[in-house]
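Chemist: To start, I am sharing the structure in question, which I have written as structure tokens.
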Amino acid sequence: MAGQHRGARGGRGCPPRLPDGVTRMVRRIAGIDVGGTFTDLVMQDADGTIRIAKVPTTSANQAGGVLDAIAAAGTTPAALDLIVHGTTATTNAVLERKLAKVGLITTAGFRDVLELGRRTRPRAYGMTGTFEPLIPREWRREVPERMDARGQVLTPLDEAAVVREVHALLAAGCEALVVHFLHAYANPVHELRAGEIARAIWPNGYVTLGHALLSEFREYERGTTASVNAAVQPVLDRYIRHLQDRLADAGHARDLLVMNGNGGTVPARAVAAEAAKTVMSGPASGVMAAAATLTQSGVRNAITCDMGGTSTDVALIAGGVPEVSAELSLAYGLPIHLPMVDVRTVGAGGGSIAWIDRGGMLHVGPESAGSMPGPICYGRGGTRTTVTDANLLLGRLDPDALLATGRRVPVEEVRAVFARDVGGPLGMTPEQAAEAVIRLANVLMAGAIRMVSLSRGHDPRDFALFAFGGAGPLHAVALAREIGIPEVLVPFRPGLTNALGCLVADLRQDVVNTLNRGLDDIEEAEIAAVLAAQSARGRAGVEAGGAEVEHIETRHVADMQFRGQTHLIRVPLASATPTRAEVQAAFEEAYFARFQLRLPEIRAVLVNLTTSVVGRRRSFDLRALAAGAEGEARLGTRRLYAGGAWHEATVWRREALQEATRIAGPAVLQQADATIILEPGSEAVVDALGNLRVRV
């Protein structure tokens, strides 16, 4: 699927660094997001016109899909001034455990920290389950050294032991190395020296120092973050190098930008050094596109719902700013404590399989049919009922308009499988069973929405639901009704939102340091000095980004807790030189907003200081996405099953709807990249940006 208007010819060569206040105007920019099934592209020409493309992802090597998307948009790499790329390479590598062989050098007596963890277990309410550490015990080696928690040397570093263990890990076939000492956050001198020794021996650049990536006091989380970084570093580096070579062979001489999980971008030449930061970059790009869309639409508070083929990602945007967390857990035993957009994921997607357990209970997911063989209706050999099949059976999808199908599957064939595998065991008709599957998928997604809203002290009724992804608009209205959200906003290109996020993303650097002391024991000058140093480091990273930046913004937050507590509260700081009283007051207000509780008698602890430096790129006018839509808007009618009954629903061509058009449910709105369902009792209107605003 591709669409275009017109374009411009791009330039070549690496752009020089510009002085403050000078803006570099890029003429033709492409945002490219690689998903599990499709690779999406949204490109902006110099005159503001848009080209789009959606092509199958080349799973064996994602670079092929990137080049295919550029070609499908009717352009070439040589004609592009800037490419911003979101990739699932690192996320998939961790989830599938297709990782580099990593060795670890750590403080004597602490080789098992990464395996002991936090006394949790794979199944919270059971004694079964397995855990495979990222680095096997035989590749975790110890050397004599020890700092105390205040950075005082207790045991000097045994440099000869470092040399010996580095050679031993190389002999074992390790490709990447982690140096992770117990209290390196307080004083990194031992870790720096060990890294210097290791780099002189190690045959490549894949050496990660724990404190350099994350200067946090918790050795378990710091160690797993560094281990993930080392494990995906060679994977990402090889992919990015291969992609850059392919682009260069096609005439693109510029350094591309790569999306990070914090919603910002970094130059490709620097991305592999901190490869763990690209984990969750795909979901983050969608949230950034949502934030840009909401800002231009005049909506400040929203919950995003990105439903794809395998899972659904949910995030919260308050006051126009996406929530950021430094406590992501990608899988059991793999916490990654880097600032990332706070996205919660549930295993409910279009390909999620519906199944009956031995007790006769219906389940949806987490197992997915994926893209191969996919749902039954894809006609590629799938035999198990999925959420997509349920939507097709209930008239929500057009069987003649499905993408990436092998053959056309009659609806009656899908109905027969539902009757046999779901409806029969439950004593339901196939339609009732399909509706039960959709309702259960909605319940799972509603749980994720409550996790990012109610559990954080936010009332969902104060937010809109921003629905995107290939399947999100199918479920959005029913999902909003389930939770009590009053309005649904569906962007003009919901299936291309992640690629749009790459196009609108700013450059961003996050810098974290640990203090971990009572607030009363910290001098205000020390707080100001840490924030100033972090600002300088972050600004240097942004200025080296090689893309147009109109201005730079700096934000500071503190991770705090009451003495004796475990979990942290993220507290925004109003300035780079806050007083202790201001920090205390901000923490108390953040704590009260979260828990509706005040604890004035307990001391506050300042654990971490984080500085986010954002280089704002040229704004993107989203009205350009909806420009040029023509043709007949009303396509006819179709039977739609909702609320236990069949309805006659009006079918509309979404792209042809004009501003201020009102549509009452039941209705089906079809477009090339998604389908939107308006259930009975709901009404939608098209706004100036082409968004569909649904009152539930």
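Residue numbering restarts at 1 for every chain of the structure tokens, chains are lettered A, B, ... in their displayed order, and ligands are numbered from 1 as they appear.
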Which neighbours of segment 567-583 of chain A fall inside 8 Å, counting only C-alpha atoms, when residues of the same chain fewer than 4 positions from it are skipped, and could you give them as a PDB file with N, CA and C atoms, in the first residue's frame?

Modeler:
ATOM      1  N   SER A 325       9.053   6.359  32.595  1.00  0.00           N
ATOM      2  CA  SER A 325       9.413   5.554  33.761  1.00  0.00           C
ATOM      3  C   SER A 325      10.815   4.999  33.559  1.00  0.00           C
ATOM      4  N   LEU A 519      17.185  13.791  52.072  1.00  0.00           N
ATOM      5  CA  LEU A 519      17.163  15.132  51.490  1.00  0.00           C
ATOM      6  C   LEU A 519      17.790  16.153  52.440  1.00  0.00           C
ATOM      7  N   ASP A 520      17.602  15.953  53.728  1.00  0.00           N
ATOM      8  CA  ASP A 520      18.151  16.895  54.708  1.00  0.00           C
ATOM      9  C   ASP A 520      19.676  16.864  54.762  1.00  0.00           C
ATOM     10  N   GLU A 524      22.166  22.052  48.866  1.00  0.00           N
ATOM     11  CA  GLU A 524      21.494  22.525  47.659  1.00  0.00           C
ATOM     12  C   GLU A 524      22.478  22.741  46.522  1.00  0.00           C
ATOM     13  N   ALA A 525      23.705  23.150  46.864  1.00  0.00           N
ATOM     14  CA  ALA A 525      24.719  23.364  45.834  1.00  0.00           C
ATOM     15  C   ALA A 525      25.084  22.057  45.128  1.00  0.00           C
ATOM     16  N   ILE A 527      23.022  19.475  44.577  1.00  0.00           N
ATOM     17  CA  ILE A 527      21.936  19.180  43.643  1.00  0.00           C
ATOM     18  C   ILE A 527      22.103  20.010  42.372  1.00  0.00           C
ATOM     19  N   ALA A 528      22.386  21.298  42.553  1.00  0.00           N
ATOM     20  CA  ALA A 528      22.551  22.178  41.397  1.00  0.00           C
ATOM     21  C   ALA A 528      23.736  21.761  40.543  1.00  0.00           C
ATOM     22  N   LEU A 531      22.825  18.593  38.473  1.00  0.00           N
ATOM     23  CA  LEU A 531      21.915  18.927  37.383  1.00  0.00           C
ATOM     24  C   LEU A 531      22.634  19.710  36.284  1.00  0.00           C
ATOM     25  N   ALA A 532      23.541  20.594  36.660  1.00  0.00           N
ATOM     26  CA  ALA A 532      24.287  21.357  35.660  1.00  0.00           C
ATOM     27  C   ALA A 532      25.172  20.446  34.825  1.00  0.00           C
ATOM     28  N   ARG A 555      14.638  19.393  31.017  1.00  0.00           N
ATOM     29  CA  ARG A 555      13.733  19.084  32.125  1.00  0.00           C
ATOM     30  C   ARG A 555      14.472  18.240  33.160  1.00  0.00           C
ATOM     31  N   HIS A 556      14.165  18.498  34.430  1.00  0.00           N
ATOM     32  CA  HIS A 556      14.803  17.753  35.523  1.00  0.00           C
ATOM     33  C   HIS A 556      13.733  17.068  36.365  1.00  0.00           C
ATOM     34  N   VAL A 557      14.020  15.837  36.782  1.00  0.00           N
ATOM     35  CA  VAL A 557      13.134  15.130  37.702  1.00  0.00           C
ATOM     36  C   VAL A 557      13.988  14.445  38.764  1.00  0.00           C
ATOM     37  N   ALA A 558      13.365  14.184  39.895  1.00  0.00           N
ATOM     38  CA  ALA A 558      14.017  13.462  40.985  1.00  0.00           C
ATOM     39  C   ALA A 558      13.235  12.191  41.272  1.00  0.00           C
ATOM     40  N   ASP A 559      13.957  11.085  41.453  1.00  0.00           N
ATOM     41  CA  ASP A 559      13.342   9.848  41.932  1.00  0.00           C
ATOM     42  C   ASP A 559      13.483   9.842  43.449  1.00  0.00           C
ATOM     43  N   MET A 560      12.336   9.812  44.152  1.00  0.00           N
ATOM     44  CA  MET A 560      12.367   9.947  45.598  1.00  0.00           C
ATOM     45  C   MET A 560      11.498   8.883  46.270  1.00  0.00           C
ATOM     46  N   GLN A 561      11.714   8.726  47.567  1.00  0.00           N
ATOM     47  CA  GLN A 561      10.921   7.797  48.375  1.00  0.00           C
ATOM     48  C   GLN A 561      11.010   8.245  49.826  1.00  0.00           C
ATOM     49  N   PHE A 587       7.828  16.612  46.222  1.00  0.00           N
ATOM     50  CA  PHE A 587       7.699  15.186  46.509  1.00  0.00           C
ATOM     51  C   PHE A 587       6.407  14.895  47.266  1.00  0.00           C
ATOM     52  N   ALA A 590       3.503  15.037  44.868  1.00  0.00           N
ATOM     53  CA  ALA A 590       3.480  13.889  43.959  1.00  0.00           C
ATOM     54  C   ALA A 590       3.033  12.628  44.692  1.00  0.00           C
ATOM     55  N   TYR A 591       3.473  12.474  45.940  1.00  0.00           N
ATOM     56  CA  TYR A 591       3.087  11.305  46.728  1.00  0.00           C
ATOM     57  C   TYR A 591       1.594  11.346  47.045  1.00  0.00           C
TER      58      TYR A 591
END

Chemist: Mind the document's chain letters and residue numbers, and return as a PyMOL selection string the residues of segment 260-346 of chain A that DSSP labels strand (DSSP E or B).

Modeler: chain A and resi 265-267+302-307+312-318+321-322+324-325+328-329+335-336+340-341+344-346

Chemist: Produce a table with one row for each residue of segment 583-665 of chain A that has an atom at most 7 Å from any atom of segment 447-471 of chain A, each row naming the nearest atom pair and its distance in Å at one decimal; use only C-alpha atoms; arrange rows by chain and rising residue number; format as JSON lines.

Modeler:
{"residue": "A:Ala593", "atom": "CA", "partner": "A:Gly457", "partner_atom": "CA", "distance": 6.1}
{"residue": "A:Arg594", "atom": "CA", "partner": "A:Gly457", "partner_atom": "CA", "distance": 4.7}
{"residue": "A:Phe595", "atom": "CA", "partner": "A:Gly457", "partner_atom": "CA", "distance": 6.8}

Chemist: Go ahead and compute the interatomic distance for atom CA of Ser612 of chain A and atom CA of Asn498 of chain A, in Å to one decimal.

Modeler: 22.0 Å

Chemist: Select, from A:Arg199, A:Leu213, A:Ala544, A:Lys277, the residue with the minimum atom-to-atom distance to Leu236 of chain A, counting only C-alpha atoms.

Modeler: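 Smallest distance to Leu236 of chain A is found for A:Lys277.
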
Chemist: Point out the residue among A:Thr57, A:Ser285, A:Asn513, A:Thr566 with the least atom-to-atom distance to Val34 of chain A, counting only C-alpha atoms.

Modeler: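 Result for the nearest residue to Val34 of chain A: A:Thr57.
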
Chemist: Which of these residues is nearest to Ala275 of chain A, using only C-alpha atoms: A:Val387, A:Ala79, A:Leu328, A:Ala93?

Modeler: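 Once distances to Ala275 of chain A are computed over only C-alpha atoms, the minimum belongs to A:Ala93.
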
Chemist: Where does DSSP see helix (DSSP H, G or I) in segment 260-417 of chain A, if you list the residues as a ChimeraX atom specification?

Modeler: /A:268-278,281-297,376-378,387-393,411-417
